[in-house]
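Dropping input.csv in here (CSV, C-alpha atoms):
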chain,number,residue,atom,x,y,z
A,19,MET,CA,79.6,153.2,94.0
A,20,PHE,CA,82.9,152.2,95.6
A,21,ARG,CA,81.3,149.6,97.8
A,22,ARG,CA,79.3,148.1,94.9
A,23,SER,CA,82.5,147.7,92.8
A,24,ARG,CA,84.2,146.0,95.7
A,25,LEU,CA,81.3,143.6,96.1
A,26,VAL,CA,81.4,142.7,92.4
A,27,TRP,CA,85.1,142.0,92.4
A,28,SER,CA,85.1,140.1,95.7
A,29,SER,CA,82.2,137.9,94.5
A,30,LEU,CA,84.0,137.1,91.3
A,31,ALA,CA,87.2,136.3,93.3
A,32,ALA,CA,85.3,134.0,95.7
A,33,LEU,CA,83.8,132.1,92.7
A,34,ALA,CA,87.2,131.8,91.1
A,35,ALA,CA,88.7,130.5,94.4
A,36,ALA,CA,85.9,128.0,94.8
A,37,ALA,CA,86.5,126.8,91.2
A,38,LEU,CA,90.2,126.4,92.0
A,39,VAL,CA,89.5,124.2,95.1
A,40,LEU,CA,87.0,122.1,93.1
A,41,ALA,CA,89.5,121.7,90.3
A,42,SER,CA,92.3,120.7,92.6
A,43,LEU,CA,90.4,118.2,94.8
A,44,PRO,CA,91.0,115.3,92.4
A,45,LEU,CA,94.7,115.8,93.0
A,46,VAL,CA,94.0,114.1,96.4
A,47,ILE,CA,93.6,110.8,94.6
A,48,LEU,CA,96.4,111.3,92.0
A,49,TRP,CA,99.4,111.7,94.3
A,50,PRO,CA,100.9,108.3,95.2
A,51,LEU,CA,103.3,109.4,98.0
A,52,PHE,CA,100.6,110.5,100.4
A,53,ASP,CA,98.4,108.7,102.9
A,54,GLN,CA,95.0,110.0,101.9
A,55,PRO,CA,92.9,111.0,105.0
A,56,PRO,CA,89.3,109.6,104.7
A,57,ALA,CA,87.8,113.1,105.0
A,58,LEU,CA,89.8,114.4,102.1
A,59,LEU,CA,88.9,111.3,100.1
A,60,ARG,CA,85.3,112.0,100.8
A,61,LEU,CA,85.6,115.6,99.5
A,62,ALA,CA,87.4,114.3,96.4
A,63,TYR,CA,84.5,111.9,95.8
A,64,LEU,CA,81.9,114.6,96.2
A,65,ALA,CA,83.8,116.9,93.8
A,66,ARG,CA,83.8,114.0,91.3
A,67,ALA,CA,80.2,113.0,91.8
A,68,HIS,CA,78.7,116.5,91.7
A,69,GLY,CA,81.5,118.1,89.7
A,70,VAL,CA,79.6,118.9,86.6
A,71,ALA,CA,76.7,120.5,88.4
A,72,LEU,CA,79.0,122.4,90.8
A,73,THR,CA,81.3,123.8,88.2
A,74,LEU,CA,78.3,124.8,85.9
A,75,ALA,CA,76.7,126.5,88.9
A,76,LEU,CA,80.0,128.4,89.5
A,77,LEU,CA,80.2,129.4,85.9
A,78,THR,CA,76.6,130.6,85.8
A,79,GLY,CA,77.1,132.6,89.0
A,80,PHE,CA,80.3,134.1,87.6
A,81,VAL,CA,78.6,135.2,84.4
A,82,ALA,CA,75.6,136.6,86.3
A,83,VAL,CA,77.7,138.7,88.6
A,84,ALA,CA,79.9,140.0,85.7
A,85,VAL,CA,76.8,141.0,83.7
A,86,ARG,CA,75.1,142.8,86.6
A,87,GLY,CA,78.3,144.5,87.5
A,88,TRP,CA,79.3,145.2,83.9
A,89,SER,CA,80.0,148.8,84.4
A,90,THR,CA,82.5,147.8,87.1
A,91,VAL,CA,84.3,145.0,85.3
A,92,ARG,CA,84.4,146.5,81.8
A,93,PRO,CA,87.3,148.8,82.4
A,94,ARG,CA,89.5,145.9,83.6
A,95,PRO,CA,89.1,143.0,81.1
A,96,GLY,CA,92.5,141.5,82.1
A,97,LEU,CA,91.5,141.0,85.7
A,98,LEU,CA,88.1,139.6,84.6
A,99,ALA,CA,89.8,137.1,82.3
A,100,ALA,CA,92.2,136.1,85.0
A,101,LEU,CA,89.3,135.3,87.3
A,102,LEU,CA,87.3,133.6,84.6
A,103,LEU,CA,90.2,131.2,83.7
A,104,PRO,CA,90.0,129.0,86.8
A,105,VAL,CA,86.2,128.7,86.5
A,106,LEU,CA,86.5,127.6,82.9
A,107,ALA,CA,89.4,125.2,83.8
A,108,SER,CA,87.3,123.6,86.5
A,109,VAL,CA,84.5,123.0,84.0
A,110,GLY,CA,86.9,121.5,81.5
A,111,LEU,CA,88.6,119.3,84.0
A,112,LYS,CA,85.3,117.6,84.8
A,113,THR,CA,85.1,116.2,81.3
A,114,VAL,CA,88.4,114.2,81.5
A,115,ASN,CA,89.5,111.3,83.7
A,116,VAL,CA,93.0,112.3,84.6
A,117,ALA,CA,93.9,108.9,85.9
A,118,GLU,CA,93.1,107.4,82.5
A,119,LEU,CA,95.2,110.0,80.8
A,120,ILE,CA,98.2,108.6,82.8
A,121,PHE,CA,97.3,104.9,82.5
A,122,ALA,CA,95.3,104.2,79.4
A,123,PRO,CA,92.2,101.9,79.8
A,124,ALA,CA,92.5,98.4,78.3
A,125,ASP,CA,90.1,98.9,75.4
A,126,GLY,CA,91.8,97.2,72.5
A,127,THR,CA,92.5,93.9,74.0
A,128,ARG,CA,93.5,91.0,71.8
A,129,MET,CA,93.7,87.4,73.1
A,130,VAL,CA,95.5,84.5,71.3
A,131,PRO,CA,96.1,80.9,72.2
A,132,VAL,CA,99.1,80.8,74.5
A,133,ALA,CA,101.0,78.5,72.1
A,134,GLU,CA,100.6,81.1,69.3
A,135,GLY,CA,102.8,83.9,70.6
A,136,GLN,CA,103.5,86.1,73.5
A,137,ASP,CA,105.0,89.5,74.4
A,138,ILE,CA,106.6,88.5,77.6
A,139,ALA,CA,109.4,86.1,78.8
A,140,ASP,CA,108.6,82.7,80.1
A,141,SER,CA,110.0,83.8,83.4
A,142,ASP,CA,107.6,86.8,83.6
A,143,MET,CA,104.5,86.6,85.9
A,144,VAL,CA,101.0,86.2,84.7
A,145,LEU,CA,97.7,86.3,86.6
A,146,GLY,CA,96.0,83.1,85.5
A,147,VAL,CA,92.2,82.5,85.7
A,148,SER,CA,90.4,79.2,84.9
A,149,ILE,CA,86.6,79.1,84.8
A,150,ALA,CA,84.4,76.4,83.5
A,151,GLY,CA,87.1,74.9,81.4
A,152,ALA,CA,88.2,78.2,79.9
A,153,ALA,CA,91.7,79.5,81.0
A,154,ARG,CA,93.3,82.8,80.3
A,155,ALA,CA,96.6,84.4,81.3
A,156,TYR,CA,96.9,88.2,81.9
A,157,PRO,CA,100.6,89.3,81.9
A,158,VAL,CA,101.4,91.3,85.1
A,159,ARG,CA,103.4,93.7,82.9
A,160,TYR,CA,100.2,94.4,80.9
A,161,LEU,CA,98.0,94.8,84.0
A,162,ALA,CA,100.5,96.9,85.8
A,163,PHE,CA,100.0,99.6,83.2
A,164,HIS,CA,96.3,99.3,82.4
A,165,HIS,CA,95.5,98.3,86.0
A,166,MET,CA,92.3,96.4,85.1
A,167,ILE,CA,90.5,94.8,82.2
A,168,ASN,CA,86.7,94.4,82.0
A,169,ASP,CA,86.7,90.9,80.6
A,170,ARG,CA,84.5,87.8,80.4
A,171,LEU,CA,85.7,84.2,80.9
A,172,GLY,CA,83.6,81.0,80.9
A,173,GLY,CA,80.5,83.2,80.8
A,174,VAL,CA,81.4,85.1,84.0
A,175,PRO,CA,82.1,88.9,83.9
A,176,ILE,CA,85.5,89.3,85.6
A,177,LEU,CA,87.9,92.1,86.4
A,178,PRO,CA,91.5,91.0,86.5
A,179,THR,CA,93.4,93.8,88.3
A,180,TYR,CA,96.9,94.7,89.3
B,8,MET,CA,101.7,98.1,91.1
B,9,LEU,CA,102.8,100.1,94.2
B,10,CYS,CA,101.1,97.4,96.3
B,11,HIS,CA,102.0,94.4,94.2
B,12,THR,CA,98.4,93.2,94.3
B,13,GLY,CA,97.1,91.0,91.6
B,14,LEU,CA,93.4,90.1,92.2
B,15,VAL,CA,90.6,89.0,90.0
B,16,TRP,CA,87.1,90.2,90.9
B,17,GLU,CA,83.7,89.3,89.6
B,18,ARG,CA,82.1,92.3,87.9
B,19,ARG,CA,78.6,91.5,89.3
B,20,VAL,CA,76.9,93.0,92.3
B,21,ASP,CA,73.4,91.8,93.3
B,22,GLY,CA,72.9,90.4,89.8
B,23,ARG,CA,73.9,93.6,88.1
B,24,GLU,CA,76.9,93.6,85.8
B,25,LEU,CA,79.3,96.5,86.3
B,26,HIS,CA,82.1,98.1,84.2
B,27,PHE,CA,85.1,99.5,86.0
B,28,ARG,CA,87.5,102.3,85.2
B,29,LEU,CA,90.6,103.6,86.9
B,30,GLY,CA,89.6,106.3,89.4
B,31,GLY,CA,92.8,107.3,91.2
B,32,ILE,CA,94.9,106.2,94.1
B,33,ASN,CA,94.3,105.7,97.9
B,34,HIS,CA,97.3,104.9,100.1
B,35,GLN,CA,99.2,103.5,97.1
B,36,ASN,CA,96.4,101.2,96.1
B,37,PHE,CA,94.2,102.2,93.2
B,38,LEU,CA,90.6,103.2,93.2
B,39,MET,CA,88.1,101.8,90.7
B,40,SER,CA,85.0,103.6,89.7
B,41,ASP,CA,82.0,101.8,88.1
B,42,GLU,CA,80.4,103.4,85.1
B,43,GLU,CA,76.9,102.4,86.2
B,44,THR,CA,76.8,104.3,89.6
B,45,GLY,CA,80.1,106.2,89.8
B,46,SER,CA,80.9,104.6,93.1
B,47,TRP,CA,84.5,104.2,94.2
B,48,TRP,CA,85.9,100.8,95.0
B,49,GLN,CA,89.3,99.8,96.6
B,50,GLN,CA,91.2,97.4,94.3
B,51,VAL,CA,92.8,95.3,97.0
B,52,SER,CA,89.7,94.7,99.1
B,53,GLY,CA,87.0,94.8,96.5
B,54,GLU,CA,85.0,97.0,98.8
B,55,CYS,CA,83.0,99.9,97.7
B,56,ILE,CA,84.1,102.8,100.0
B,57,LEU,CA,82.1,105.8,98.6
B,58,GLY,CA,79.0,106.3,96.6
B,59,PRO,CA,75.6,104.7,96.0
B,60,LEU,CA,77.0,101.1,96.4
B,61,LYS,CA,79.1,101.9,99.5
B,62,GLY,CA,79.5,98.8,101.7
B,63,LYS,CA,79.1,96.3,98.9
B,64,ARG,CA,81.9,93.9,98.2
B,65,LEU,CA,83.0,92.2,95.0
B,66,ARG,CA,83.3,88.5,95.0
B,67,ARG,CA,86.9,87.3,94.5
B,68,VAL,CA,87.5,84.9,91.5
B,69,PRO,CA,90.3,82.4,92.3
B,70,SER,CA,93.5,83.2,90.4
B,71,ASP,CA,97.1,82.1,90.2
B,72,GLU,CA,100.1,84.4,90.1
B,73,VAL,CA,102.7,82.3,88.4
B,74,THR,CA,105.3,82.5,85.7
B,75,LEU,CA,104.1,82.1,82.1
B,76,ALA,CA,106.2,78.9,81.8
B,77,ILE,CA,104.2,77.2,84.7
B,78,TRP,CA,100.8,78.5,83.5
B,79,ARG,CA,101.4,77.3,79.9
B,80,SER,CA,102.6,73.8,81.1
B,81,GLU,CA,99.5,73.4,83.3
B,82,HIS,CA,97.0,75.0,80.8
B,83,PRO,CA,98.2,74.3,77.3
B,84,ASP,CA,94.8,75.4,75.9
B,85,SER,CA,94.8,78.7,77.7
B,86,THR,CA,94.5,82.0,75.9
B,87,ILE,CA,96.8,85.0,76.7
B,88,VAL,CA,96.3,88.7,76.5
B,89,ARG,CA,98.6,90.4,74.0
B,90,PHE,CA,100.2,93.8,74.5
B,91,ASP,CA,98.3,96.7,72.8
B,92,ALA,CA,100.6,98.0,70.0
B,93,ARG,CA,99.7,101.6,70.9
B,94,TYR,CA,101.3,101.4,74.3
B,95,LEU,CA,104.4,99.1,73.8
B,96,HIS,CA,106.7,101.7,75.3
B,97,ARG,CA,104.5,102.1,78.4
B,98,TYR,CA,104.5,98.5,79.6
B,99,GLN,CA,106.6,97.7,82.6
B,100,PRO,CA,110.0,95.9,82.0
B,101,SER,CA,110.5,92.4,83.4
B,102,ASP,CA,112.5,93.8,86.3
B,103,TRP,CA,109.9,96.3,87.4
B,104,GLU,CA,110.0,95.1,91.0
B,105,GLN,CA,113.5,96.4,91.3
B,106,ARG,CA,112.3,99.9,90.3
B,107,VAL,CA,109.4,99.8,92.7
B,108,ALA,CA,111.6,98.7,95.6
B,109,GLY,CA,113.0,102.2,95.9
B,110,ILE,CA,109.7,104.0,96.0
B,111,PRO,CA,108.8,105.1,99.6
B,112,THR,CA,105.7,103.5,101.1
B,113,VAL,CA,102.9,105.3,102.9
B,114,GLY,CA,101.9,104.8,106.6
B,115,ALA,CA,104.3,104.1,109.4
B,116,ALA,CA,106.8,101.2,109.2
B,117,ASP,CA,106.2,98.6,112.0
B,118,GLY,CA,109.6,97.0,112.4
B,119,VAL,CA,108.2,93.6,111.9
B,120,LEU,CA,109.2,93.4,108.3
B,121,PRO,CA,110.5,96.1,105.9
B,122,PRO,CA,107.5,97.8,104.3
B,123,ARG,CA,108.4,96.5,100.8
B,124,ALA,CA,109.2,93.0,101.9
B,125,LEU,CA,107.2,90.6,99.6
B,126,VAL,CA,105.0,88.2,101.5
B,127,ALA,CA,102.7,85.4,100.4
B,128,GLY,CA,99.4,86.3,102.2
B,129,VAL,CA,96.9,83.6,102.9
B,130,GLU,CA,93.5,83.8,104.6
B,131,HIS,CA,91.8,80.7,105.9
B,132,HIS,CA,88.9,80.2,108.3
B,133,GLY,CA,89.0,83.8,109.4
B,134,GLU,CA,92.7,83.9,110.1
B,135,ALA,CA,95.4,85.7,108.0
B,136,ALA,CA,99.1,85.0,107.8
B,137,ALA,CA,102.0,86.4,105.9
B,138,TYR,CA,104.8,84.2,104.7
B,139,PRO,CA,107.9,86.2,103.8
B,140,LEU,CA,109.2,85.2,100.3
B,141,ASP,CA,112.8,85.3,101.5
B,142,LEU,CA,112.0,82.5,103.9
B,143,LEU,CA,110.1,80.5,101.3
B,144,ARG,CA,113.1,80.8,98.9
B,145,GLN,CA,115.3,79.2,101.5
B,146,ALA,CA,113.0,76.4,102.6
B,147,GLY,CA,111.0,75.6,99.5
B,148,SER,CA,108.0,74.8,101.6
B,149,VAL,CA,106.6,76.3,104.8
B,150,PRO,CA,104.3,74.2,107.0
B,151,HIS,CA,101.9,76.1,109.3
B,152,ILE,CA,98.6,75.9,111.2
B,153,LEU,CA,96.2,78.6,109.9
B,154,GLY,CA,92.6,78.9,111.0
B,155,GLY,CA,93.1,75.8,113.0
B,156,ARG,CA,93.9,73.8,109.8
B,157,PRO,CA,97.3,72.4,108.7
B,158,VAL,CA,98.5,74.3,105.7
B,159,VAL,CA,101.6,74.5,103.6
B,160,VAL,CA,103.0,77.2,101.3
B,161,LEU,CA,105.1,76.1,98.4
B,162,LEU,CA,107.6,77.9,96.3
B,163,GLY,CA,107.3,76.9,92.7
B,164,PRO,CA,110.1,75.2,90.6
B,165,ASP,CA,110.7,78.6,88.9
B,166,GLY,CA,111.7,80.1,92.3
B,167,LYS,CA,109.1,82.9,91.9
B,168,SER,CA,105.6,81.4,92.0
B,169,THR,CA,103.8,80.5,95.3
B,170,ARG,CA,100.8,78.4,96.1
B,171,ALA,CA,99.2,77.4,99.4
B,172,PHE,CA,97.3,74.2,100.2
B,173,GLU,CA,95.7,72.4,103.1
B,174,ARG,CA,98.2,69.6,103.8
B,175,VAL,CA,95.6,67.0,104.3
B,176,ALA,CA,94.9,63.9,102.1
B,177,GLY,CA,93.0,60.8,102.9
B,178,GLY,CA,92.0,62.1,106.3
B,179,ARG,CA,95.6,62.4,107.3
B,180,GLU,CA,97.8,65.4,108.1
B,181,LEU,CA,101.0,65.5,106.1
B,182,ASP,CA,104.4,67.2,106.4
B,183,LEU,CA,105.8,68.1,103.0
B,184,TYR,CA,109.5,68.6,102.4
B,185,ARG,CA,111.1,69.7,99.2
B,186,GLU,CA,112.9,66.8,97.5
B,187,ALA,CA,116.6,66.9,97.8
B,188,GLY,CA,118.5,68.1,94.8
B,189,GLY,CA,115.6,69.6,93.0
B,190,ALA,CA,112.7,72.1,93.2
B,191,ARG,CA,110.0,70.3,91.3
B,192,TRP,CA,108.7,67.8,93.9
B,193,TRP,CA,107.8,67.5,97.5
B,194,ILE,CA,107.8,64.3,99.6
B,195,ASP,CA,105.5,63.8,102.5
B,196,ALA,CA,107.0,62.3,105.7
B,197,GLN,CA,103.9,60.2,106.5
B,198,THR,CA,103.7,58.1,103.3
B,199,GLY,CA,106.7,59.0,101.1
B,200,SER,CA,104.4,60.1,98.3
B,201,ARG,CA,105.7,62.6,95.8
B,202,TRP,CA,103.7,65.8,95.2
B,203,ASP,CA,104.0,68.4,92.5
B,204,PHE,CA,103.4,72.2,92.5
B,205,THR,CA,99.7,71.8,91.6
B,206,GLY,CA,99.2,70.0,95.0
B,207,ARG,CA,98.7,66.6,93.3
B,208,ALA,CA,100.4,63.4,94.4
B,209,VAL,CA,102.2,62.0,91.3
B,210,SER,CA,103.5,58.8,92.8
B,211,GLY,CA,103.5,56.8,96.0
B,212,PRO,CA,100.7,55.5,98.2
B,213,LEU,CA,98.7,58.7,97.8
B,214,ALA,CA,99.2,59.0,94.0
B,215,GLY,CA,96.2,60.8,92.4
B,216,SER,CA,95.3,62.7,95.6
B,217,GLN,CA,94.8,66.4,95.4
B,218,LEU,CA,95.5,68.8,98.3
B,219,PRO,CA,92.7,71.5,98.8
B,220,LYS,CA,94.1,74.7,97.2
B,221,LEU,CA,94.0,78.1,99.0
B,222,GLN,CA,94.1,81.5,97.5
B,223,THR,CA,97.5,83.3,97.9
B,224,SER,CA,98.3,86.9,97.3
B,225,VAL,CA,101.9,87.9,96.9
B,226,GLU,CA,102.1,91.6,98.0
B,227,TYR,CA,104.1,94.1,99.9
B,228,TRP,CA,104.1,93.8,103.6
B,229,PHE,CA,102.9,97.4,104.3
B,230,ASP,CA,99.8,96.8,102.2
B,231,TRP,CA,99.0,93.3,103.5
B,232,LYS,CA,99.3,94.6,107.1
B,233,ARG,CA,96.9,97.5,106.4
B,234,TYR,CA,94.1,95.3,105.1
B,235,HIS,CA,94.9,92.4,107.5
B,236,PRO,CA,95.7,94.3,110.8
B,237,ARG,CA,95.6,91.1,112.8
B,238,THR,CA,97.7,89.0,110.5
B,239,ARG,CA,100.2,86.6,111.8
B,240,VAL,CA,103.7,86.6,110.4
B,241,TYR,CA,105.5,83.4,109.8
B,242,ARG,CA,109.0,83.2,111.3
B,243,ALA,CA,111.5,80.4,110.8
B,244,GLY,CA,111.2,77.7,113.5
B,245,ARG,CA,107.6,78.6,114.5
Target format structure tokens, applied to this file:
Amino acid sequence: MFRRSRLVWSSLAALAAAALVLASLPLVILWPLFDQPPALLRLAYLARAHGVALTLALLTGFVAVAVRGWSTVRPRPGLLAALLLPVLASVGLKTVNVAELIFAPADGTRMVPVAEGQDIADSDMVLGVSIAGAARAYPVRYLAFHHMINDRLGGVPILPTY
Amino acid sequence: MLCHTGLVWERRVDGRELHFRLGGINHQNFLMSDEETGSWWQQVSGECILGPLKGKRLRRVPSDEVTLAIWRSEHPDSTIVRFDARYLHRYQPSDWEQRVAGIPTVGAADGVLPPRALVAGVEHHGEAAAYPLDLLRQAGSVPHILGGRPVVVLLGPDGKSTRAFERVAGGRELDLYREAGGARWWIDAQTGSRWDFTGRAVSGPLAGSQLPKLQTSVEYWFDWKRYHPRTRVYRAGR
């Protein structure tokens, strides 16, 4: 009986630890003062690409172990909740793009003729593009926040970035 | 922003249009993720580094990084992107470069230039060179041979914008010098023609000629060096 209870708790702890790792891997590409090693970058990509499936598998495993070992876990609901929390958090984190929470995407873009008004000084820099007779200026101060804009100019789909 | 890299890419790969979103950061240069395949792309190189499209490269669209004053005078019919009212307090101030100057870089410093020295980077016929902006500000124009071709890098009349050209017109190699007492024109030693910042001769024997324009990227030295490991560095007198 003692051994079975230890097996249940250690399985739940292992699943919670795996969820923690999975939830924190995206931090690899959110910390600017760090020279990302390629291997870690690859892990972060795999966590992002298969994140939903992996976290749901962890959650399913967690529930299955808890149900089968219900007599073991029932007396300690606090510990069960503490282990469940990272699993739920890792599932939740897969539904948000943290980078876009920090830098909002350029999704409400308004363009006007350059003679009609501007938000920046004449001495501020712009990224200027001219295609097939159509010209557009992207203020660097605008791009430095949104980082990119999915745009179209002169019939060409372009991506000004900064 | 931490790399000072302004580049425009075409959002089309093998005939398929892609839509990009911010993914994260990789050695101070941001990662883009496309909605169609979830692949990760490096902003500064346009290269797909992870995912189903790994190895693909985006095509660069020629762009100009100049002050609004210069852009408007050269493209009076241009449109401009306005700030989004929801994020007015989030946009960088005009002096954002001074703030970034104090942020540590990643990777080892090389002693050639300070990691956050601004350089005008140019690639031509398979060769890359970095022209320190400090030098350009002193000289106004920097002549060089790059990829076996005579080139020149000009500092604009606003003291901030840079452009690079092949300094060849009418089959002749030219040496351009900033006109004394001003910053708007350059004179070539061979014919005495007067050139403006767009690379066009406005008067003199070569009036109407246009120098072939090259793409410049003004970025921090540590980043230019990482993506152009064999780059040359222009020094005064060379």
Q.
Contacts from chain A to chain B, 6 Å maximum, only C-alpha atoms: show me the residue list as a VMD selection string.
A. chain A and resid 47 to 48 50 53 to 54 117 128 to 132 140 to 147 153 to 156 159 162 to 163 175 to 180
Go ahead and save the picked residues with C-alpha atoms, as a JSON list (two decimals), keeping the file's coordinate frame.
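Done, and the output landed in again.json:
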[["chain", "number", "residue", "atom", "x", "y", "z"],
["A", 47, "ILE", "CA", 93.60, 110.80, 94.60],
["A", 48, "LEU", "CA", 96.40, 111.30, 92.00],
["A", 50, "PRO", "CA", 100.90, 108.30, 95.20],
["A", 53, "ASP", "CA", 98.40, 108.70, 102.90],
["A", 54, "GLN", "CA", 95.00, 110.00, 101.90],
["A", 117, "ALA", "CA", 93.90, 108.90, 85.90],
["A", 128, "ARG", "CA", 93.50, 91.00, 71.80],
["A", 129, "MET", "CA", 93.70, 87.40, 73.10],
["A", 130, "VAL", "CA", 95.50, 84.50, 71.30],
["A", 131, "PRO", "CA", 96.10, 80.90, 72.20],
["A", 132, "VAL", "CA", 99.10, 80.80, 74.50],
["A", 140, "ASP", "CA", 108.60, 82.70, 80.10],
["A", 141, "SER", "CA", 110.00, 83.80, 83.40],
["A", 142, "ASP", "CA", 107.60, 86.80, 83.60],
["A", 143, "MET", "CA", 104.50, 86.60, 85.90],
["A", 144, "VAL", "CA", 101.00, 86.20, 84.70],
["A", 145, "LEU", "CA", 97.70, 86.30, 86.60],
["A", 146, "GLY", "CA", 96.00, 83.10, 85.50],
["A", 147, "VAL", "CA", 92.20, 82.50, 85.70],
["A", 153, "ALA", "CA", 91.70, 79.50, 81.00],
["A", 154, "ARG", "CA", 93.30, 82.80, 80.30],
["A", 155, "ALA", "CA", 96.60, 84.40, 81.30],
["A", 156, "TYR", "CA", 96.90, 88.20, 81.90],
["A", 159, "ARG", "CA", 103.40, 93.70, 82.90],
["A", 162, "ALA", "CA", 100.50, 96.90, 85.80],
["A", 163, "PHE", "CA", 100.00, 99.60, 83.20],
["A", 175, "PRO", "CA", 82.10, 88.90, 83.90],
["A", 176, "ILE", "CA", 85.50, 89.30, 85.60],
["A", 177, "LEU", "CA", 87.90, 92.10, 86.40],
["A", 178, "PRO", "CA", 91.50, 91.00, 86.50],
["A", 179, "THR", "CA", 93.40, 93.80, 88.30],
["A", 180, "TYR", "CA", 96.90, 94.70, 89.30]]
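Put simply, CA of Val20 (chain B) is 27.2 Å away from CA of Pro55 (chain A).
One finds CA of Leu33 (chain A) at 14.5 Å from CA of Gly69 (chain A).
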Q: Identify the residues within 12 Å of coordinate (82.4, 133.3, 89.5) (same frame as the file), considering all atoms listed in the file, and give the answer as a PyMOL selection string.
A: chain A and resi 26-38+72-85+98-106+108-109
Can you write out the residues you just picked, keeping C-alpha atoms, as an mmCIF file, in the coordinates of the input?
data_model
loop_
_atom_site.group_PDB
_atom_site.id
_atom_site.type_symbol
_atom_site.label_atom_id
_atom_site.label_comp_id
_atom_site.auth_asym_id
_atom_site.auth_seq_id
_atom_site.Cartn_x
_atom_site.Cartn_y
_atom_site.Cartn_z
ATOM 1 C CA VAL A 26 81.400 142.700 92.400
ATOM 2 C CA TRP A 27 85.100 142.000 92.400
ATOM 3 C CA SER A 28 85.100 140.100 95.700
ATOM 4 C CA SER A 29 82.200 137.900 94.500
ATOM 5 C CA LEU A 30 84.000 137.100 91.300
ATOM 6 C CA ALA A 31 87.200 136.300 93.300
ATOM 7 C CA ALA A 32 85.300 134.000 95.700
ATOM 8 C CA LEU A 33 83.800 132.100 92.700
ATOM 9 C CA ALA A 34 87.200 131.800 91.100
ATOM 10 C CA ALA A 35 88.700 130.500 94.400
ATOM 11 C CA ALA A 36 85.900 128.000 94.800
ATOM 12 C CA ALA A 37 86.500 126.800 91.200
ATOM 13 C CA LEU A 38 90.200 126.400 92.000
ATOM 14 C CA LEU A 72 79.000 122.400 90.800
ATOM 15 C CA THR A 73 81.300 123.800 88.200
ATOM 16 C CA LEU A 74 78.300 124.800 85.900
ATOM 17 C CA ALA A 75 76.700 126.500 88.900
ATOM 18 C CA LEU A 76 80.000 128.400 89.500
ATOM 19 C CA LEU A 77 80.200 129.400 85.900
ATOM 20 C CA THR A 78 76.600 130.600 85.800
ATOM 21 C CA GLY A 79 77.100 132.600 89.000
ATOM 22 C CA PHE A 80 80.300 134.100 87.600
ATOM 23 C CA VAL A 81 78.600 135.200 84.400
ATOM 24 C CA ALA A 82 75.600 136.600 86.300
ATOM 25 C CA VAL A 83 77.700 138.700 88.600
ATOM 26 C CA ALA A 84 79.900 140.000 85.700
ATOM 27 C CA VAL A 85 76.800 141.000 83.700
ATOM 28 C CA LEU A 98 88.100 139.600 84.600
ATOM 29 C CA ALA A 99 89.800 137.100 82.300
ATOM 30 C CA ALA A 100 92.200 136.100 85.000
ATOM 31 C CA LEU A 101 89.300 135.300 87.300
ATOM 32 C CA LEU A 102 87.300 133.600 84.600
ATOM 33 C CA LEU A 103 90.200 131.200 83.700
ATOM 34 C CA PRO A 104 90.000 129.000 86.800
ATOM 35 C CA VAL A 105 86.200 128.700 86.500
ATOM 36 C CA LEU A 106 86.500 127.600 82.900
ATOM 37 C CA SER A 108 87.300 123.600 86.500
ATOM 38 C CA VAL A 109 84.500 123.000 84.000
#
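The space separating CA of Pro121 (chain B) from CA of Tyr227 (chain B) comes to 9.0 Å.
Minimum atom-to-atom distance to Met166 (chain A), evaluated using only C-alpha atoms, belongs to A:Pro123 out of A:Pro123, A:Pro56, A:Gly96, A:Gly87.
You can rank B:Gly188, B:Ala127, B:Trp48, B:Asp195 by their closest distance to Tyr241 (chain B) using only C-alpha atoms, and at the top of that list sits B:Ala127.
Minimum atom-to-atom distance to Asn168 (chain A), evaluated using only C-alpha atoms, belongs to A:Asp125 out of A:Asp125, A:Ile138, A:Val39, A:Ser23.
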Q. Neighbours of Gly128 (chain B) within 8 Å (only C-alpha atoms; same-chain residues fewer than 4 positions away dropped), as a ChimeraX atom specification?
A. /B:135-138,223-226,231
Q | Distance criterion (all atoms listed in the file): nearest to Gln217 (chain B) out of B:Ile152, B:Leu143, B:Val175, B:Ala196 | A | B:Val175
